[in-house]
Amino acid sequence: MNIMKNIKLLCIAFVLISTSTFGQTARQKKAERQFNNFSFVKAIDTYEKLIDTSFNKYYAMRKLGDAYIMLRQPEKALPIYAQVVQQKNVPSEYFLYYAQTLRANGQYEESKEWMKKYRDAGNQEDSRVKRFFKNEDLASGIFNATEKNFLKKVNFNSKFNDFGAVALNENIIFTSSRDEGVSVKRLYAWDGQPLLDMYQVPAEGASASTAKKLEGDVNTIHHDGPATFSADGTKMYFSRNNYFDNKKTTDDKGVMLVGIYSAELVDGKWTNVKPSNLNNANYIVYHPTLSQDGKKLYFSSDMPGGFGGTDIYMSDVNPDGSLGTPKNLGNIVNTEGNESFPFIHQEEGTLFFSSDDHVGAGLLDVFAAVKDENDNIVNIINLGEPINSEKDDFAYYLSPDGLDGFISSNRKGGIGGDDIYAFTRIPPLTLKGRIFDAINGEPVAGAKVILARKNGEEIAYFITEEDGAYEHLINRDNEFVLKGSKAKYQDVQKEFTSFGLEKERELIVDLNIPMSPIEDVVILADLETIYFDLDKSNIRPDAAIELDKVVALMNRYPGMVIRLESHTDSRADDRYNIRLSNRRAKSTYEYIISHGINANRIEKYEGFGESQLVNKCTNGVKCSEEEHQLNRRTEFIILKMK
């Protein structure tokens with residue numbers, strides 16, 4: 001009985017450990033999601049908790065260092081990277097990250113040494129060094145090392161200027177100067193193109209022929225657009241020349257500048273147009289973008305008191321619809337140049353904007369702002385190619401799920417001045433899979449899966465869940481190795497690649513792991529105990545299924561030798577129960593050898609009567625039939641496995 005009690009305690013301990021492990025796996029997924037959605041402060045907290053539990057500690061430390069770099073805190077990243085580069089089989093790019101972080105902390109000589117180690121690790125021609133690190137922008141480099149975007153032209157562009165596309169319900173709203181059909185030609189002075197209006201096309205089947213102007217009062221004989229919309233799609237804020245109620249507002253030179261206006265959707269038409277209280281005859285206020293809750297409006301302006309040309313500002317939206325005092329977003333976002341076209345992502349609240357002064361690939365480039373735990377912007381990240389080009393790239397829009405959007409650009413290859421491009425943002429590929437027992441086909445929970453590159457660099461490990469599943473984010477265009485292991489099982493290894501998966505978001509890699517040749521296993525792993533009916537020794541159908549697994553396993557491992565132990569419940573006297581359990585052991589033995597297993601591979605079959613009950617149901621104790629059933633069983637013990 002003490003043996004059985006110890007087995008129970010071990011089972012309870014395993015359940016508790018497994019539950020804890022599964023919880024840490026979920027926490028790791030959470031951290032990855034936060035990191036890839038620019039929520040670096042939240043990701044730091046989650047990675048630190050993983051490190052405290054020692055779960056996947058090496059991997060969590062790497063990502064923790066990366067997150068501090070994104071927050072422009074190299075002094076905090078430095079001691080973390082110092083430990084990371086000492087890890088066994090660490091990915092070599094961390095030599096580069098460490099070198100850059102050392103340089104950012106003024107440790108130039110040591111930085112050169114680690115840059116040399118990175119080069120000598122087979123990275124002499126690494127294009128990421130040339131493309132992302134030439135300006136020592138480590139955060140953008142780390143982000144762009146894994147970020148993937150695929151660009152294509154939309155089929156509703158024209159030969160004129162088209163830009164500022166956003167999704168609204170089942171339509172795409174954009175701004176264009178394509179209207180040549182007016183009786184009086186209204187041409188933009190500096191490029192000779194017609195003035196701007198706002199259009200919509202259906203999201204499905206969009207084409208130049210399906211584009212039509214927004215209905216209502218938002219398009220005028222002057223510039224109108226681009227626009228931003230409330231979450232419910234019933235309110236619009238948009239840019240327009242200072243023209244309202246058929247009246248122009250001009251500066252002291254007679255120039256009609258641009259302001260922000262609002263409109264409401266009424267019976268399918270945009271009406272109730274109102275100018276904002278921020279509009280001014282002497283400076284520009286334009287390019288609005290509204291937060292998810294509708295309480296903050298971000299925009300661009302060259303109002304006095306800024307850092308340079310146009311800066312990004314934020315105003316609270318008051319209950320009466322007026323806009324509060326503008327707040328300049330500061331010199332991390334704003335420069336002496338021009339910052340424009342802000343966009344607030346609805347789900348994460350991340351600010352994206354264009355700038356012609358921050359270090360980038362060309363003229364206007366798109367950047368993302370990174371916030372700290374106090375919601376202060378502490379860093380910006382260049383979104384890299386192909387979002388950015390050598391020309392102007394602006395009016396970035398990202399769908400709520402963060403997987404696709406639009407960008408506007410005058411890059412080479414377009415059909416007009418500015419053109420709209422659709423992009424698919426594909427974050428690191430999601431690796432999914434399951435581990436199955438190769439003998440019985442059942443999922444293997446609690447197995448350890450190590451993910452490594454083919455060159456031996458270990459990336460991370462994870463623990464399979466109750467259904468044998470594991471999941472992790474991986475880079476595209478790499479070669480990997482998965483290694484699965486668990487006590488009582490043979491280790492398994494499988495190579496795979498992520499090349500040519502530009503359109504896929506998931507990669508499925510399943511593993512089948514066979515029984516391990518380990519001696520002195522107490523009870524055959526992952527095989528159910530077989531049970532008998534009251535006072536019976538015949539093999540029931542459910543028992544036959546389990547015995548077939550035993551036969552299959554012994555066929556797979558010809559050197560396996562086992563012992564059979566049969567038991568009864570406490571009913572009937574002890575002597576009778578010994579005889580009954582011996583009959584059960586014999587019937588089990590005969591079933592196995594009748595299916596082709598040599599009798600000398602079953603060293604012994606023996607009955608123990610009621611001497612080894614698995615529960616409280618001894619003589620005189622009232623128990624249910626189900627509780628008694630647990631004691632009427634045969635167990636299998638492996639003696640040899642060669």
# chains A, B, ... in the order shown; residues from 1 in each chain; ligands from 1
$ select_by_dssp --residues "stretch 126-365 of chain A" --states "strand (DSSP E)" --output "PyMOL selection string"
chain A and resi 148-153+162-168+171-176+197-202+212-213+224-229+235-241+243-244+247-248+258-266+269-275+285-290+296-301+311-316+327-328+339-344+351-355+365
$ write_last_selection --atoms "C-alpha atoms" --output "PDB file, in the first residue's frame"
ATOM      1  CA  LYS A 148       8.189  41.088 -43.243  1.00  0.00           C
ATOM      2  CA  ASN A 149       5.945  43.184 -45.467  1.00  0.00           C
ATOM      3  CA  PHE A 150       4.762  42.367 -48.972  1.00  0.00           C
ATOM      4  CA  LEU A 151       3.641  45.228 -51.168  1.00  0.00           C
ATOM      5  CA  LYS A 152       1.393  45.398 -54.215  1.00  0.00           C
ATOM      6  CA  LYS A 153      -0.286  48.189 -56.156  1.00  0.00           C
ATOM      7  CA  ASP A 162      -4.025  59.010 -54.971  1.00  0.00           C
ATOM      8  CA  PHE A 163      -3.180  58.578 -51.290  1.00  0.00           C
ATOM      9  CA  GLY A 164      -4.460  58.224 -47.731  1.00  0.00           C
ATOM     10  CA  ALA A 165      -6.392  54.944 -48.062  1.00  0.00           C
ATOM     11  CA  VAL A 166      -8.177  53.607 -44.954  1.00  0.00           C
ATOM     12  CA  ALA A 167     -10.663  50.777 -44.496  1.00  0.00           C
ATOM     13  CA  LEU A 168     -14.181  51.633 -43.349  1.00  0.00           C
ATOM     14  CA  ASN A 171     -15.225  50.087 -48.268  1.00  0.00           C
ATOM     15  CA  ILE A 172     -11.867  51.755 -48.776  1.00  0.00           C
ATOM     16  CA  ILE A 173     -11.825  55.547 -48.402  1.00  0.00           C
ATOM     17  CA  PHE A 174      -9.024  57.485 -50.076  1.00  0.00           C
ATOM     18  CA  THR A 175      -8.102  60.946 -51.372  1.00  0.00           C
ATOM     19  CA  SER A 176      -7.491  61.704 -55.037  1.00  0.00           C
ATOM     20  CA  ASP A 197     -11.591  65.071 -53.124  1.00  0.00           C
ATOM     21  CA  MET A 198     -12.458  62.018 -51.049  1.00  0.00           C
ATOM     22  CA  TYR A 199     -13.545  58.782 -52.748  1.00  0.00           C
ATOM     23  CA  GLN A 200     -14.610  55.309 -51.814  1.00  0.00           C
ATOM     24  CA  VAL A 201     -14.357  51.915 -53.505  1.00  0.00           C
ATOM     25  CA  PRO A 202     -15.742  48.569 -52.317  1.00  0.00           C
ATOM     26  CA  LYS A 212     -17.003  57.282 -56.495  1.00  0.00           C
ATOM     27  CA  LYS A 213     -16.951  60.455 -54.454  1.00  0.00           C
ATOM     28  CA  ASP A 224     -10.703  67.856 -49.156  1.00  0.00           C
ATOM     29  CA  GLY A 225      -8.998  64.907 -47.486  1.00  0.00           C
ATOM     30  CA  PRO A 226      -7.494  62.715 -46.188  1.00  0.00           C
ATOM     31  CA  ALA A 227      -9.843  61.521 -43.419  1.00  0.00           C
ATOM     32  CA  THR A 228     -10.020  59.499 -40.227  1.00  0.00           C
ATOM     33  CA  PHE A 229     -13.113  57.825 -38.756  1.00  0.00           C
ATOM     34  CA  LYS A 235     -18.017  60.436 -37.491  1.00  0.00           C
ATOM     35  CA  MET A 236     -15.261  61.756 -39.696  1.00  0.00           C
ATOM     36  CA  TYR A 237     -12.412  64.209 -39.183  1.00  0.00           C
ATOM     37  CA  PHE A 238     -10.746  65.365 -42.378  1.00  0.00           C
ATOM     38  CA  SER A 239      -8.378  67.938 -43.842  1.00  0.00           C
ATOM     39  CA  ARG A 240      -9.790  70.780 -45.929  1.00  0.00           C
ATOM     40  CA  ASN A 241      -8.744  74.217 -47.123  1.00  0.00           C
ATOM     41  CA  TYR A 243     -13.463  77.068 -46.585  1.00  0.00           C
ATOM     42  CA  PHE A 244     -16.821  76.906 -44.790  1.00  0.00           C
ATOM     43  CA  LYS A 247     -16.485  81.594 -47.288  1.00  0.00           C
ATOM     44  CA  LYS A 248     -12.700  81.479 -47.541  1.00  0.00           C
ATOM     45  CA  VAL A 258      -5.620  73.825 -44.437  1.00  0.00           C
ATOM     46  CA  GLY A 259      -7.611  73.044 -41.295  1.00  0.00           C
ATOM     47  CA  ILE A 260      -9.431  70.106 -39.704  1.00  0.00           C
ATOM     48  CA  TYR A 261     -13.170  69.628 -40.159  1.00  0.00           C
ATOM     49  CA  SER A 262     -15.655  67.080 -38.827  1.00  0.00           C
ATOM     50  CA  ALA A 263     -18.728  65.476 -40.384  1.00  0.00           C
ATOM     51  CA  GLU A 264     -21.384  62.936 -39.406  1.00  0.00           C
ATOM     52  CA  LEU A 265     -22.890  60.065 -41.350  1.00  0.00           C
ATOM     53  CA  VAL A 266     -26.637  60.628 -41.710  1.00  0.00           C
ATOM     54  CA  LYS A 269     -24.373  60.815 -46.489  1.00  0.00           C
ATOM     55  CA  TRP A 270     -21.599  62.770 -44.793  1.00  0.00           C
ATOM     56  CA  THR A 271     -23.138  65.981 -43.537  1.00  0.00           C
ATOM     57  CA  ASN A 272     -23.193  68.388 -40.565  1.00  0.00           C
ATOM     58  CA  VAL A 273     -19.722  69.628 -41.528  1.00  0.00           C
ATOM     59  CA  LYS A 274     -18.062  71.777 -38.865  1.00  0.00           C
ATOM     60  CA  PRO A 275     -14.636  73.432 -38.660  1.00  0.00           C
ATOM     61  CA  VAL A 285      -3.636  72.053 -39.094  1.00  0.00           C
ATOM     62  CA  TYR A 286      -4.203  68.776 -40.973  1.00  0.00           C
ATOM     63  CA  HIS A 287      -3.820  64.987 -41.311  1.00  0.00           C
ATOM     64  CA  PRO A 288      -6.052  64.022 -38.356  1.00  0.00           C
ATOM     65  CA  THR A 289      -6.157  60.513 -36.855  1.00  0.00           C
ATOM     66  CA  LEU A 290      -8.573  59.489 -34.096  1.00  0.00           C
ATOM     67  CA  LYS A 296      -7.841  61.918 -28.602  1.00  0.00           C
ATOM     68  CA  LEU A 297      -7.162  63.438 -32.001  1.00  0.00           C
ATOM     69  CA  TYR A 298      -3.624  63.436 -33.386  1.00  0.00           C
ATOM     70  CA  PHE A 299      -2.668  65.752 -36.254  1.00  0.00           C
ATOM     71  CA  SER A 300       0.161  67.634 -37.927  1.00  0.00           C
ATOM     72  CA  SER A 301       0.707  71.387 -37.793  1.00  0.00           C
ATOM     73  CA  ASP A 311       5.147  68.616 -35.997  1.00  0.00           C
ATOM     74  CA  ILE A 312       2.804  65.935 -34.637  1.00  0.00           C
ATOM     75  CA  TYR A 313       0.359  67.147 -31.966  1.00  0.00           C
ATOM     76  CA  MET A 314      -2.423  65.633 -29.862  1.00  0.00           C
ATOM     77  CA  SER A 315      -5.615  67.230 -28.576  1.00  0.00           C
ATOM     78  CA  ASP A 316      -8.285  65.833 -26.290  1.00  0.00           C
ATOM     79  CA  LYS A 327       0.156  69.046 -27.022  1.00  0.00           C
ATOM     80  CA  ASN A 328       3.355  68.727 -29.039  1.00  0.00           C
ATOM     81  CA  GLU A 339       6.589  65.174 -39.402  1.00  0.00           C
ATOM     82  CA  SER A 340       3.193  64.455 -40.917  1.00  0.00           C
ATOM     83  CA  PHE A 341       0.465  61.892 -41.615  1.00  0.00           C
ATOM     84  CA  PRO A 342       0.126  60.483 -38.081  1.00  0.00           C
ATOM     85  CA  PHE A 343      -1.870  57.269 -37.695  1.00  0.00           C
ATOM     86  CA  ILE A 344      -3.014  55.690 -34.404  1.00  0.00           C
ATOM     87  CA  LEU A 351       1.571  55.932 -33.308  1.00  0.00           C
ATOM     88  CA  PHE A 352       2.873  55.713 -36.872  1.00  0.00           C
ATOM     89  CA  PHE A 353       3.957  58.833 -38.775  1.00  0.00           C
ATOM     90  CA  SER A 354       6.108  60.057 -41.655  1.00  0.00           C
ATOM     91  CA  SER A 355       9.205  62.213 -41.374  1.00  0.00           C
ATOM     92  CA  ASP A 365       9.812  57.583 -44.388  1.00  0.00           C
TER      93      ASP A 365
END
$ residues_around --residues "A:Glu625" --least-positions-apart "2" --cutoff "12 Å" --atoms "only C-alpha atoms" --output "list in words"
Asp533, Leu534, Asp569, Ser570, Arg571, Cys617, Lys622, Cys623, Glu627, His628, Gln629, Leu630, Asn631 and Arg632 of chain A
$ atom_distance --atom1 "atom CA of A:Thr234" --atom2 "atom CA of A:Asp419"
27.0 Å
$ atom_distance --atom1 "atom CA of A:Leu78" --atom2 "atom CA of A:Phe35"
18.8 Å
$ decode --residues "stretch 582-596 of chain A" --atoms "N, CA and C atoms" --output "PDB file, in the first residue's frame"
ATOM      1  N   ASN A 582      -4.586 -15.051 -10.188  1.00  0.00           N
ATOM      2  CA  ASN A 582      -3.698 -15.892 -10.999  1.00  0.00           C
ATOM      3  C   ASN A 582      -4.357 -16.244 -12.328  1.00  0.00           C
ATOM      4  N   ARG A 583      -5.675 -16.513 -12.297  1.00  0.00           N
ATOM      5  CA  ARG A 583      -6.375 -16.809 -13.548  1.00  0.00           C
ATOM      6  C   ARG A 583      -6.350 -15.578 -14.471  1.00  0.00           C
ATOM      7  N   ARG A 584      -6.498 -14.396 -13.880  1.00  0.00           N
ATOM      8  CA  ARG A 584      -6.453 -13.170 -14.681  1.00  0.00           C
ATOM      9  C   ARG A 584      -5.063 -12.965 -15.290  1.00  0.00           C
ATOM     10  N   ALA A 585      -4.033 -13.202 -14.521  1.00  0.00           N
ATOM     11  CA  ALA A 585      -2.676 -13.092 -15.044  1.00  0.00           C
ATOM     12  C   ALA A 585      -2.466 -14.076 -16.188  1.00  0.00           C
ATOM     13  N   LYS A 586      -2.990 -15.299 -16.003  1.00  0.00           N
ATOM     14  CA  LYS A 586      -2.806 -16.311 -17.047  1.00  0.00           C
ATOM     15  C   LYS A 586      -3.557 -15.935 -18.325  1.00  0.00           C
ATOM     16  N   SER A 587      -4.789 -15.441 -18.204  1.00  0.00           N
ATOM     17  CA  SER A 587      -5.557 -15.079 -19.398  1.00  0.00           C
ATOM     18  C   SER A 587      -4.884 -13.920 -20.139  1.00  0.00           C
ATOM     19  N   THR A 588      -4.269 -13.009 -19.384  1.00  0.00           N
ATOM     20  CA  THR A 588      -3.530 -11.913 -20.013  1.00  0.00           C
ATOM     21  C   THR A 588      -2.318 -12.463 -20.762  1.00  0.00           C
ATOM     22  N   TYR A 589      -1.595 -13.351 -20.092  1.00  0.00           N
ATOM     23  CA  TYR A 589      -0.418 -13.991 -20.689  1.00  0.00           C
ATOM     24  C   TYR A 589      -0.802 -14.733 -21.971  1.00  0.00           C
ATOM     25  N   GLU A 590      -1.877 -15.493 -21.922  1.00  0.00           N
ATOM     26  CA  GLU A 590      -2.276 -16.293 -23.085  1.00  0.00           C
ATOM     27  C   GLU A 590      -2.720 -15.401 -24.247  1.00  0.00           C
ATOM     28  N   TYR A 591      -3.355 -14.301 -23.950  1.00  0.00           N
ATOM     29  CA  TYR A 591      -3.769 -13.388 -25.021  1.00  0.00           C
ATOM     30  C   TYR A 591      -2.547 -12.853 -25.764  1.00  0.00           C
ATOM     31  N   ILE A 592      -1.514 -12.466 -24.989  1.00  0.00           N
ATOM     32  CA  ILE A 592      -0.328 -11.872 -25.621  1.00  0.00           C
ATOM     33  C   ILE A 592       0.400 -12.889 -26.485  1.00  0.00           C
ATOM     34  N   ILE A 593       0.639 -14.112 -25.959  1.00  0.00           N
ATOM     35  CA  ILE A 593       1.395 -15.083 -26.754  1.00  0.00           C
ATOM     36  C   ILE A 593       0.564 -15.615 -27.917  1.00  0.00           C
ATOM     37  N   SER A 594      -0.789 -15.555 -27.795  1.00  0.00           N
ATOM     38  CA  SER A 594      -1.627 -15.995 -28.918  1.00  0.00           C
ATOM     39  C   SER A 594      -1.534 -15.039 -30.096  1.00  0.00           C
ATOM     40  N   HIS A 595      -0.988 -13.847 -29.851  1.00  0.00           N
ATOM     41  CA  HIS A 595      -0.819 -12.870 -30.918  1.00  0.00           C
ATOM     42  C   HIS A 595       0.627 -12.804 -31.399  1.00  0.00           C
ATOM     43  N   GLY A 596       1.374 -13.891 -31.179  1.00  0.00           N
ATOM     44  CA  GLY A 596       2.679 -14.031 -31.808  1.00  0.00           C
ATOM     45  C   GLY A 596       3.872 -13.654 -30.965  1.00  0.00           C
TER      46      GLY A 596
END
